[in-house]
file upload_32.cif (mmCIF, C-alpha atoms)
data_final
#
loop_
_atom_site.label_atom_id
_atom_site.label_comp_id
_atom_site.auth_asym_id
_atom_site.auth_seq_id
_atom_site.Cartn_x
_atom_site.Cartn_y
_atom_site.Cartn_z
CA MET A 1 0.00 0.00 0.00
CA VAL A 2 2.02 2.99 1.24
CA MET A 3 5.56 1.70 0.84
CA LYS A 4 8.28 1.78 -1.75
CA ASP A 5 7.76 -0.45 -4.74
CA LYS A 6 10.02 -3.31 -3.67
CA GLU A 7 8.52 -3.30 -0.20
CA VAL A 8 5.02 -3.36 -1.64
CA ASN A 9 6.00 -6.42 -3.66
CA ALA A 10 7.42 -8.23 -0.68
CA SER A 11 5.07 -7.20 2.10
CA ILE A 12 1.57 -6.15 1.14
CA SER A 13 0.87 -8.27 -1.87
CA GLY A 14 3.07 -11.14 -0.78
CA ASN A 15 5.98 -12.45 -2.80
CA HIS A 16 6.10 -15.42 -5.14
CA GLN A 17 9.29 -17.10 -4.08
CA ASN A 18 9.50 -20.81 -4.66
CA GLY A 19 10.06 -23.35 -1.97
CA GLY A 20 8.50 -24.02 1.39
CA ASN A 21 5.78 -26.44 2.30
CA GLY A 22 2.06 -26.16 1.57
CA PHE A 23 1.32 -24.43 4.89
CA LEU A 24 3.86 -21.66 4.21
CA LYS A 25 2.45 -21.15 0.73
CA PHE A 26 -1.02 -20.88 2.27
CA LEU A 27 0.21 -18.23 4.70
CA LYS A 28 1.59 -16.21 1.78
CA ILE A 29 -1.90 -16.17 0.32
CA LEU A 30 -3.63 -15.67 3.69
CA GLY A 31 -1.77 -12.41 4.45
CA PRO A 32 -2.77 -10.47 1.30
CA GLY A 33 -6.28 -11.92 1.57
CA LEU A 34 -6.76 -10.57 5.08
CA ILE A 35 -5.36 -7.18 4.10
CA THR A 36 -7.70 -7.00 1.11
CA SER A 37 -10.59 -7.80 3.44
CA ALA A 38 -9.44 -5.15 5.89
CA LEU A 39 -9.44 -2.47 3.16
CA VAL A 40 -13.11 -3.06 2.35
CA LEU A 41 -14.34 -4.15 5.79
CA GLY A 42 -14.40 -0.76 7.47
CA PRO A 43 -16.54 0.63 10.30
CA GLY A 44 -19.48 1.13 7.93
CA SER A 45 -19.57 -2.53 6.95
CA ILE A 46 -19.27 -3.69 10.56
CA THR A 47 -22.07 -1.36 11.67
CA LEU A 48 -24.39 -2.34 8.82
CA ASN A 49 -23.90 -6.08 9.31
CA SER A 50 -24.48 -5.72 13.05
CA LYS A 51 -27.58 -3.57 12.59
CA ILE A 52 -29.10 -5.79 9.91
CA GLY A 53 -28.57 -8.90 12.02
CA ALA A 54 -30.01 -7.22 15.12
CA ILE A 55 -33.14 -6.01 13.30
CA TYR A 56 -33.83 -8.65 10.65
CA GLY A 57 -32.02 -11.69 11.98
CA THR A 58 -30.81 -13.99 9.20
CA GLU A 59 -33.33 -12.80 6.59
CA LEU A 60 -30.80 -10.71 4.67
CA VAL A 61 -27.83 -13.11 4.59
CA TRP A 62 -28.40 -13.39 0.83
CA SER A 63 -27.33 -9.75 0.38
CA ILE A 64 -23.82 -10.60 1.62
CA ILE A 65 -23.63 -13.52 -0.82
CA VAL A 66 -24.67 -11.30 -3.75
CA ALA A 67 -22.17 -8.57 -2.85
CA VAL A 68 -19.31 -11.06 -2.39
CA ILE A 69 -19.93 -12.88 -5.68
CA LEU A 70 -20.08 -9.64 -7.69
CA MET A 71 -17.10 -8.11 -5.87
CA ALA A 72 -15.08 -11.28 -6.48
CA CYS A 73 -16.04 -11.19 -10.17
CA TYR A 74 -14.79 -7.64 -10.70
CA THR A 75 -11.71 -8.11 -8.51
CA GLU A 76 -10.71 -11.20 -10.49
CA MET A 77 -11.27 -9.31 -13.75
CA ALA A 78 -9.09 -6.47 -12.50
CA ALA A 79 -6.34 -8.93 -11.52
CA ARG A 80 -6.30 -10.33 -15.07
CA ILE A 81 -6.20 -6.81 -16.51
CA GLY A 82 -3.20 -6.05 -14.30
CA ILE A 83 -1.41 -9.15 -15.57
CA ALA A 84 -2.31 -8.89 -19.25
CA GLY A 85 -2.30 -5.10 -19.75
CA LYS A 86 0.90 -3.40 -20.85
CA ASP A 87 0.01 -0.33 -18.79
CA THR A 88 -2.08 0.68 -15.77
CA PHE A 89 -5.86 0.40 -15.91
CA ILE A 90 -6.40 4.16 -16.20
CA ASN A 91 -3.80 4.47 -18.95
CA LEU A 92 -5.51 1.65 -20.84
CA VAL A 93 -8.75 3.62 -20.51
CA LYS A 94 -7.01 6.74 -21.84
CA GLU A 95 -5.72 4.81 -24.86
CA LYS A 96 -9.22 3.55 -25.62
CA TRP A 97 -11.38 6.63 -24.94
CA GLY A 98 -9.00 9.53 -24.55
CA LYS A 99 -7.40 11.45 -21.69
CA TRP A 100 -10.72 12.83 -20.39
CA ALA A 101 -11.97 9.32 -19.56
CA GLY A 102 -8.95 8.61 -17.38
CA VAL A 103 -9.28 11.97 -15.64
CA ILE A 104 -12.96 11.28 -14.87
CA ILE A 105 -12.13 7.87 -13.38
CA GLY A 106 -9.26 9.30 -11.33
CA ILE A 107 -11.34 12.16 -9.91
CA GLY A 108 -14.34 9.87 -9.42
CA ALA A 109 -12.25 7.33 -7.50
CA PHE A 110 -10.84 10.15 -5.37
CA LEU A 111 -14.36 11.36 -4.49
CA VAL A 112 -15.63 7.84 -3.78
CA CYS A 113 -12.74 7.17 -1.41
CA SER A 114 -12.99 10.62 0.17
CA SER A 115 -16.70 10.12 0.89
CA PHE A 116 -15.83 7.00 2.91
CA GLN A 117 -12.70 8.44 4.51
CA ALA A 118 -14.59 10.46 7.13
CA GLY A 119 -16.28 7.27 8.34
CA ASN A 120 -12.93 5.52 8.62
CA ALA A 121 -11.48 8.44 10.61
CA ILE A 122 -14.51 8.55 12.91
CA GLY A 123 -14.45 4.77 13.42
CA THR A 124 -10.76 4.91 14.36
CA GLY A 125 -11.33 7.75 16.83
CA ILE A 126 -14.37 6.13 18.46
CA ALA A 127 -12.56 2.82 18.88
CA VAL A 128 -9.58 4.34 20.71
CA GLU A 129 -11.83 6.65 22.76
CA ALA A 130 -13.76 3.64 24.03
CA ILE A 131 -10.51 2.21 25.46
CA THR A 132 -8.72 5.37 26.62
CA GLY A 133 -11.60 7.73 27.46
CA ILE A 134 -9.84 10.51 25.53
CA SER A 135 -11.96 12.39 22.95
CA SER A 136 -12.24 10.72 19.55
CA LYS A 137 -11.26 14.03 17.90
CA VAL A 138 -7.80 13.76 19.44
CA TRP A 139 -7.37 10.26 18.02
CA ILE A 140 -8.65 11.32 14.60
CA ILE A 141 -5.82 13.87 14.48
CA VAL A 142 -3.24 11.42 15.85
CA GLY A 143 -4.35 8.68 13.46
CA THR A 144 -4.16 10.99 10.45
CA LEU A 145 -0.71 12.29 11.36
CA LEU A 146 0.46 8.72 11.91
CA GLY A 147 -0.94 7.73 8.51
CA VAL A 148 0.94 10.59 6.84
CA ALA A 149 4.13 9.57 8.65
CA LEU A 150 3.74 6.01 7.38
CA LEU A 151 4.18 7.27 3.83
CA PHE A 152 7.78 8.10 4.74
CA LEU A 153 8.60 5.75 7.64
CA THR A 154 8.45 2.47 5.77
CA GLN A 155 10.04 0.29 8.47
CA PHE A 156 7.47 1.50 10.98
CA TYR A 157 4.73 0.63 8.51
CA LYS A 158 5.88 -3.01 8.46
CA VAL A 159 5.35 -3.20 12.20
CA LEU A 160 1.96 -1.51 11.99
CA GLU A 161 0.92 -3.77 9.12
CA LYS A 162 1.53 -6.83 11.30
CA LEU A 163 -0.50 -5.22 14.07
CA MET A 164 -3.41 -4.51 11.70
CA LEU A 165 -3.25 -8.09 10.47
CA ALA A 166 -3.34 -9.38 14.05
CA LEU A 167 -6.36 -7.22 14.89
CA VAL A 168 -8.32 -8.42 11.85
CA ILE A 169 -7.49 -12.03 12.76
CA LEU A 170 -8.63 -11.23 16.31
CA MET A 171 -11.99 -10.02 15.01
CA LEU A 172 -12.36 -13.06 12.75
CA PHE A 173 -11.76 -15.56 15.55
CA ALA A 174 -13.68 -13.56 18.18
CA PHE A 175 -16.85 -13.75 16.10
CA LEU A 176 -16.18 -17.35 15.09
CA ILE A 177 -15.77 -18.46 18.71
CA THR A 178 -18.89 -16.53 19.75
CA LEU A 179 -20.88 -18.09 16.92
CA ILE A 180 -19.86 -21.57 18.06
CA ILE A 181 -20.88 -20.77 21.65
CA VAL A 182 -24.29 -19.27 20.86
CA LYS A 183 -25.17 -22.06 18.37
CA PRO A 184 -27.38 -20.27 15.83
CA SER A 185 -30.13 -22.17 14.05
CA ILE A 186 -28.76 -23.79 10.89
CA VAL A 187 -32.27 -23.78 9.42
CA ASP A 188 -32.58 -20.02 10.01
CA ILE A 189 -29.18 -19.41 8.41
CA PHE A 190 -30.02 -21.31 5.25
CA SER A 191 -33.45 -19.69 5.06
CA GLY A 192 -31.58 -16.39 4.77
CA PHE A 193 -30.09 -17.55 1.47
CA VAL A 194 -33.47 -16.94 -0.19
CA PRO A 195 -33.72 -13.32 -1.44
CA ARG A 196 -36.45 -11.28 0.23
CA PHE A 197 -37.03 -7.73 1.40
CA PRO A 198 -38.62 -7.53 4.86
CA GLU A 199 -40.57 -4.34 5.48
CA GLY A 200 -38.27 -1.36 5.86
CA SER A 201 -35.12 -3.27 4.88
CA MET A 202 -34.50 -1.87 1.39
CA ALA A 203 -32.34 1.07 2.51
CA LEU A 204 -30.10 -1.16 4.64
CA VAL A 205 -29.73 -3.74 1.85
CA ILE A 206 -28.72 -1.04 -0.62
CA ALA A 207 -26.24 0.44 1.86
CA LEU A 208 -24.69 -2.98 2.60
CA ILE A 209 -24.27 -3.94 -1.05
CA ALA A 210 -22.91 -0.48 -1.93
CA THR A 211 -20.37 -0.74 0.91
CA SER A 212 -19.26 -4.33 0.20
CA PHE A 213 -19.35 -4.15 -3.62
CA SER A 214 -16.63 -1.53 -4.07
CA ILE A 215 -15.83 -1.14 -7.76
CA VAL A 216 -13.00 1.28 -6.94
CA GLY A 217 -11.46 -1.28 -4.57
CA ALA A 218 -11.78 -3.89 -7.31
CA ILE A 219 -9.88 -1.92 -9.96
CA TYR A 220 -7.05 -1.23 -7.54
CA GLN A 221 -6.36 -4.97 -7.57
CA SER A 222 -4.93 -4.46 -11.07
CA TYR A 223 -2.41 -1.99 -9.61
CA LEU A 224 -1.41 -4.37 -6.81
CA VAL A 225 -0.85 -7.13 -9.36
CA ARG A 226 1.36 -4.86 -11.45
CA GLU A 227 3.32 -3.70 -8.39
CA LYS A 228 3.86 -7.33 -7.57
CA GLY A 229 5.21 -8.12 -11.03
CA VAL A 230 2.92 -11.11 -11.55
CA GLY A 231 3.41 -12.85 -14.88
CA ARG A 232 1.05 -14.95 -16.97
CA LYS A 233 2.47 -18.14 -15.47
CA GLU A 234 1.18 -17.02 -12.08
CA VAL A 235 -2.27 -15.98 -13.22
CA GLN A 236 -4.14 -18.80 -11.48
CA GLU A 237 -2.45 -18.12 -8.15
CA SER A 238 -3.13 -14.39 -8.49
CA LYS A 239 -6.80 -14.99 -9.32
CA PHE A 240 -7.18 -17.28 -6.33
CA GLU A 241 -5.47 -14.73 -4.08
CA ALA A 242 -7.85 -11.98 -5.22
CA ILE A 243 -10.96 -14.12 -4.79
CA PHE A 244 -9.74 -15.46 -1.43
CA GLY A 245 -9.50 -11.92 -0.04
CA ILE A 246 -13.07 -11.15 -1.05
CA PHE A 247 -14.26 -14.48 0.37
CA LEU A 248 -12.72 -13.52 3.72
CA LEU A 249 -14.53 -10.18 3.55
CA GLY A 250 -17.82 -11.99 3.03
CA PHE A 251 -17.07 -14.59 5.70
CA ILE A 252 -16.34 -11.97 8.38
CA SER A 253 -19.48 -10.04 7.36
CA PHE A 254 -21.46 -13.28 7.56
CA LEU A 255 -20.13 -14.04 11.05
CA ILE A 256 -21.02 -10.55 12.29
CA MET A 257 -24.55 -10.65 10.88
CA ILE A 258 -25.34 -14.17 12.15
CA THR A 259 -23.89 -13.47 15.59
CA ALA A 260 -25.88 -10.22 15.86
CA ALA A 261 -29.02 -12.10 14.78
CA THR A 262 -28.48 -14.73 17.47
CA VAL A 263 -27.33 -12.50 20.35
CA LEU A 264 -28.81 -9.01 19.84
CA LYS A 265 -32.12 -9.59 18.06
CA PRO A 266 -33.71 -11.63 20.90
CA GLU A 267 -32.84 -8.78 23.30
CA GLY A 268 -34.28 -6.10 21.00
CA ILE A 269 -30.97 -4.20 20.75
CA LEU A 270 -31.02 -2.06 17.58
CA VAL A 271 -27.28 -1.17 17.49
CA ASN A 272 -27.04 2.60 17.81
CA ASN A 273 -23.44 2.80 19.01
CA ALA A 274 -20.19 0.85 19.38
CA ILE A 275 -21.03 -0.33 22.91
CA GLU A 276 -24.26 -1.94 21.71
CA MET A 277 -22.37 -3.57 18.83
CA ALA A 278 -19.83 -4.94 21.29
CA GLY A 279 -22.66 -6.77 23.03
CA ILE A 280 -22.42 -9.33 20.21
CA LEU A 281 -19.31 -10.79 21.84
CA LYS A 282 -20.59 -10.95 25.44
CA PRO A 283 -21.50 -14.67 25.34
CA SER A 284 -17.84 -15.57 24.80
CA PHE A 285 -15.88 -12.68 26.34
CA GLY A 286 -18.18 -11.29 29.05
CA SER A 287 -16.92 -8.02 30.49
CA PHE A 288 -13.98 -8.05 28.04
CA ALA A 289 -16.37 -7.97 25.05
CA VAL A 290 -16.13 -4.19 24.59
CA PHE A 291 -12.32 -4.26 24.72
CA ILE A 292 -12.05 -7.12 22.20
CA PHE A 293 -14.63 -5.57 19.88
CA VAL A 294 -13.11 -2.08 19.81
CA LEU A 295 -9.67 -3.56 19.10
CA GLY A 296 -11.13 -5.27 16.06
CA LEU A 297 -13.05 -2.12 15.12
CA PHE A 298 -9.84 -0.10 15.37
CA GLY A 299 -7.99 -2.58 13.14
CA ALA A 300 -10.77 -2.51 10.54
CA SER A 301 -11.15 1.29 10.68
CA TYR A 302 -7.47 2.21 10.58
CA SER A 303 -6.48 -0.29 7.90
CA SER A 304 -9.40 1.04 5.82
CA LEU A 305 -8.31 4.62 6.53
CA ILE A 306 -4.82 3.99 5.17
CA GLY A 307 -5.81 1.64 2.35
CA ASN A 308 -8.74 3.81 1.23
CA ALA A 309 -6.52 6.88 1.04
CA THR A 310 -3.90 4.91 -0.90
CA ILE A 311 -6.48 3.78 -3.45
CA GLY A 312 -8.10 7.20 -3.84
CA GLY A 313 -4.82 9.08 -3.99
CA GLY A 314 -3.12 6.55 -6.27
CA LEU A 315 -5.96 6.53 -8.81
CA LEU A 316 -6.28 10.33 -8.71
CA ALA A 317 -2.57 10.73 -9.46
CA ASP A 318 -2.71 8.20 -12.30
CA GLY A 319 -5.83 9.82 -13.74
CA LEU A 320 -4.16 13.24 -13.77
CA GLY A 321 -1.03 11.81 -15.39
CA LEU A 322 1.14 12.21 -12.28
CA GLY A 323 2.17 8.56 -12.17
CA HIS A 324 1.08 5.65 -10.00
CA GLN A 325 4.23 4.41 -8.25
CA LEU A 326 3.75 4.59 -4.49
CA SER A 327 7.31 5.87 -4.07
CA SER A 328 6.48 8.99 -6.11
CA MET A 329 6.17 12.19 -4.10
CA LYS A 330 3.25 13.33 -6.29
CA VAL A 331 1.35 10.12 -5.50
CA LYS A 332 2.13 10.50 -1.80
CA ILE A 333 0.76 14.05 -1.84
CA ALA A 334 -2.46 12.81 -3.47
CA ILE A 335 -2.78 10.13 -0.76
CA ILE A 336 -2.21 12.74 1.97
CA ILE A 337 -4.96 14.92 0.45
CA VAL A 338 -7.47 12.06 0.82
CA MET A 339 -6.39 11.49 4.45
CA LEU A 340 -6.65 15.18 5.33
CA PHE A 341 -9.98 15.53 3.54
CA GLY A 342 -11.55 12.72 5.57
CA SER A 343 -10.19 13.98 8.87
CA PHE A 344 -11.25 17.57 8.10
CA ILE A 345 -14.83 16.45 7.48
CA ALA A 346 -14.87 14.25 10.59
CA LEU A 347 -13.56 17.07 12.81
CA ILE A 348 -15.41 20.08 11.40
CA PHE A 349 -18.77 18.38 11.05
CA ASP A 350 -18.41 16.42 14.30
CA GLY A 351 -19.17 12.99 12.80
CA ASN A 352 -22.09 14.20 10.67
CA PRO A 353 -20.56 15.40 7.37
CA VAL A 354 -23.81 15.07 5.45
CA ASN A 355 -23.51 18.01 3.04
CA LEU A 356 -19.99 17.37 1.74
CA ILE A 357 -20.47 13.61 1.56
CA THR A 358 -23.75 14.15 -0.32
CA PHE A 359 -21.87 16.32 -2.81
CA ALA A 360 -19.19 13.67 -3.29
CA GLN A 361 -21.81 10.95 -3.72
CA GLY A 362 -23.70 13.09 -6.21
CA VAL A 363 -20.60 13.47 -8.37
CA THR A 364 -19.85 9.74 -8.26
CA ILE A 365 -23.38 8.61 -9.17
CA PHE A 366 -22.47 8.27 -12.84
CA VAL A 367 -18.76 7.55 -12.39
CA VAL A 368 -19.05 4.16 -10.66
CA PRO A 369 -21.14 2.51 -13.43
CA PHE A 370 -18.74 4.05 -15.98
CA ILE A 371 -15.79 2.41 -14.21
CA ALA A 372 -17.62 -0.94 -14.28
CA ILE A 373 -18.28 -0.54 -18.03
CA ALA A 374 -14.59 0.27 -18.57
CA ILE A 375 -13.53 -2.87 -16.71
CA LEU A 376 -15.92 -5.02 -18.75
CA VAL A 377 -14.83 -3.53 -22.08
CA ILE A 378 -11.11 -3.86 -21.36
CA ALA A 379 -11.50 -7.38 -19.92
CA ASN A 380 -13.21 -8.39 -23.19
CA SER A 381 -10.59 -6.82 -25.45
CA LYS A 382 -8.66 -9.53 -27.30
CA GLU A 383 -6.01 -6.96 -28.23
CA ILE A 384 -5.27 -6.12 -24.58
CA MET A 385 -6.08 -9.37 -22.78
CA GLY A 386 -5.13 -12.07 -25.27
CA ASP A 387 -6.01 -15.47 -23.87
CA LEU A 388 -6.92 -13.86 -20.51
CA LYS A 389 -10.01 -12.13 -21.89
CA ASN A 390 -13.35 -12.72 -20.18
CA LYS A 391 -15.15 -16.03 -20.41
CA LEU A 392 -18.96 -16.38 -20.43
CA LEU A 393 -19.39 -16.65 -16.63
CA SER A 394 -17.34 -13.49 -15.98
CA ASN A 395 -19.43 -11.57 -18.51
CA VAL A 396 -22.75 -12.80 -17.11
CA LEU A 397 -21.80 -11.89 -13.54
CA GLY A 398 -20.19 -8.66 -14.73
CA ILE A 399 -23.37 -7.55 -16.50
CA ILE A 400 -25.47 -8.42 -13.45
CA GLY A 401 -23.07 -6.37 -11.31
CA LEU A 402 -23.26 -3.46 -13.76
CA LEU A 403 -27.06 -3.49 -13.71
CA LEU A 404 -26.99 -3.50 -9.91
CA LEU A 405 -24.59 -0.52 -9.89
CA ILE A 406 -26.86 1.36 -12.28
CA TYR A 407 -29.80 0.66 -9.98
CA LEU A 408 -27.82 1.86 -6.96
CA ALA A 409 -26.82 4.99 -8.88
CA PHE A 410 -30.46 5.67 -9.78
CA ASN A 411 -31.56 5.12 -6.19
CA ASN A 412 -28.79 7.40 -4.94
CA PHE A 413 -29.76 10.07 -7.47
CA LYS A 414 -33.38 9.86 -6.35
CA ASN A 415 -32.46 10.13 -2.65
CA ILE A 416 -30.09 13.07 -3.14
CA PHE A 417 -31.87 15.19 -5.71
CA LEU A 418 -35.54 14.15 -5.71
CA SER A 419 -36.33 13.57 -2.02
#

call {"tool": "encode", "arguments": {"input": "upload_32.cif", "output": "structure tokens"}}
result
Amino acid sequence: MVMKDKEVNASISGNHQNGGNGFLKFLKILGPGLITSALVLGPGSITLNSKIGAIYGTELVWSIIVAVILMACYTEMAARIGIAGKDTFINLVKEKWGKWAGVIIGIGAFLVCSSFQAGNAIGTGIAVEAITGISSKVWIIVGTLLGVALLFLTQFYKVLEKLMLALVILMLFAFLITLIIVKPSIVDIFSGFVPRFPEGSMALVIALIATSFSIVGAIYQSYLVREKGVGRKEVQESKFEAIFGIFLLGFISFLIMITAATVLKPEGILVNNAIEMAGILKPSFGSFAVFIFVLGLFGASYSSLIGNATIGGGLLADGLGLGHQLSSMKVKIAIIIVMLFGSFIALIFDGNPVNLITFAQGVTIFVVPFIAIAILVIANSKEIMGDLKNKLLSNVLGIIGLLLLIYLAFNNFKNIFLS
């Protein structure tokens, strides 16, 4: 993410050295998979999954499955584009449709990431405040300054990366252990695989799918693959690695929703704050539930804060023709702008940055479907992709995903401008 190129190759995306037994090879895949999950699984996703489970039980499990399948489809497509393309995704777009198209995608990605950045900053601050008692605003500032420092203190980032990884693993196993203890109904879980919309659930379903199905996060996979130097011989491993990360995202979301449905729904807790969310873990951790939960929330929030800024800043720089290498000072400045933007909104608007976020969302309404169309077109180009061009299944799922994004864009447009 925010390291020099060689360090990105070796640390974030994992390296492809030969040797070692099957378990070590699995760990090499597990690391990048968990980090990919952490980038998408931010405080918004955790809150939505908790709230949906607490209100609707297992009835909306299907929405996670839909989001994961479509996200995996586009992430896998992006990975193949990164391997087959002779240039970055945005530069391929520029070659096909002109410079303006790349600029639109770069600015659109910046606004998408910026609109989520305030939530990541707030989630980080709330998590640390719950443990220390010191105002979340202080920790928003500290977290942002630390994130900026990580762009230049690469050795320190390696330590922090391991900490983030440990916290995400902690959250994964905390919910898994709790789920085993509370013993949810298997029948209820499988009944949630059938699509339905309980009364009043539409807004939450749309929010969950929009949060989990991140088209901007998907296209950045092509950049990670290029940074990694993956060749055509390693395409199957790279595809599996990309899909595995999204599967982990879905699995953690699934655990949170099912646990909330089993623990919180019977008590009528609607999840209005982090303390109520932490109640999910009480059956297994008792009085330590809040501490364990906020540690996981901090890991999810802060890793999303850094990763989200890296994606938004990196794509903005590439769209404006400033380069895409993470060691470039211009790219670092673009990343810092995203970090500062999110923190500014979180601090000035005191956790309720409705107006600026609404503006950002309004601008991105038409950009996100355009990015999905660009991915589909490039992934189907024989000239660019060669034998790695899309097969029938990828196109079918890709078109379904595009139609869903268009629907979400229309719904967003209606809510912002017509309500």

call {"tool": "residues_around", "arguments": {"input": "upload_32.cif", "residues": "A:Ser201", "least_positions_apart": "5", "cutoff": "10 Å", "atoms": "all atoms listed in the file", "output": "list in words"}}
result
Ile52, Ile55, Tyr56, Glu59, Leu60, Arg196 and Ile206 of chain A

call {"tool": "closest_residue", "arguments": {"input": "upload_32.cif", "among": "A:Leu264, A:Leu402, A:Met329, A:Ile219", "to": "A:Thr88", "atoms": "all atoms listed in the file"}}
result
A:Ile219

call {"tool": "residues_around", "arguments": {"input": "upload_32.cif", "residues": "stretch 228-239 of chain A", "least_positions_apart": "2", "cutoff": "7 Å", "atoms": "all atoms listed in the file", "output": "list in words"}}
result
Asn9, Ser13, Glu76, Ala79, Ile83, Leu224, Val225, Arg226, Glu241, Ala242 and Ile243 of chain A

call {"tool": "resolve_selection", "arguments": {"input": "upload_32.cif", "expression": "the PyMOL selection byres ((chain A and resi 384) around 10)", "output": "tab-separated table (two decimals) with C-alpha atoms, keeping the file's coordinate frame"}}
result
chain	number	residue	atom	x	y	z
A	81	ILE	CA	-6.20	-6.81	-16.51
A	84	ALA	CA	-2.31	-8.89	-19.25
A	85	GLY	CA	-2.30	-5.10	-19.75
A	86	LYS	CA	0.90	-3.40	-20.85
A	87	ASP	CA	0.01	-0.33	-18.79
A	92	LEU	CA	-5.51	1.65	-20.84
A	378	ILE	CA	-11.11	-3.86	-21.36
A	379	ALA	CA	-11.50	-7.38	-19.92
A	380	ASN	CA	-13.21	-8.39	-23.19
A	381	SER	CA	-10.59	-6.82	-25.45
A	382	LYS	CA	-8.66	-9.53	-27.30
A	383	GLU	CA	-6.01	-6.96	-28.23
A	385	MET	CA	-6.08	-9.37	-22.78
A	386	GLY	CA	-5.13	-12.07	-25.27
A	387	ASP	CA	-6.01	-15.47	-23.87
A	388	LEU	CA	-6.92	-13.86	-20.51
A	389	LYS	CA	-10.01	-12.13	-21.89

call {"tool": "atom_distance", "arguments": {"input": "upload_32.cif", "atom1": "atom CA of A:Ser343", "atom2": "atom CA of A:Phe293"}}
result
22.9 Å
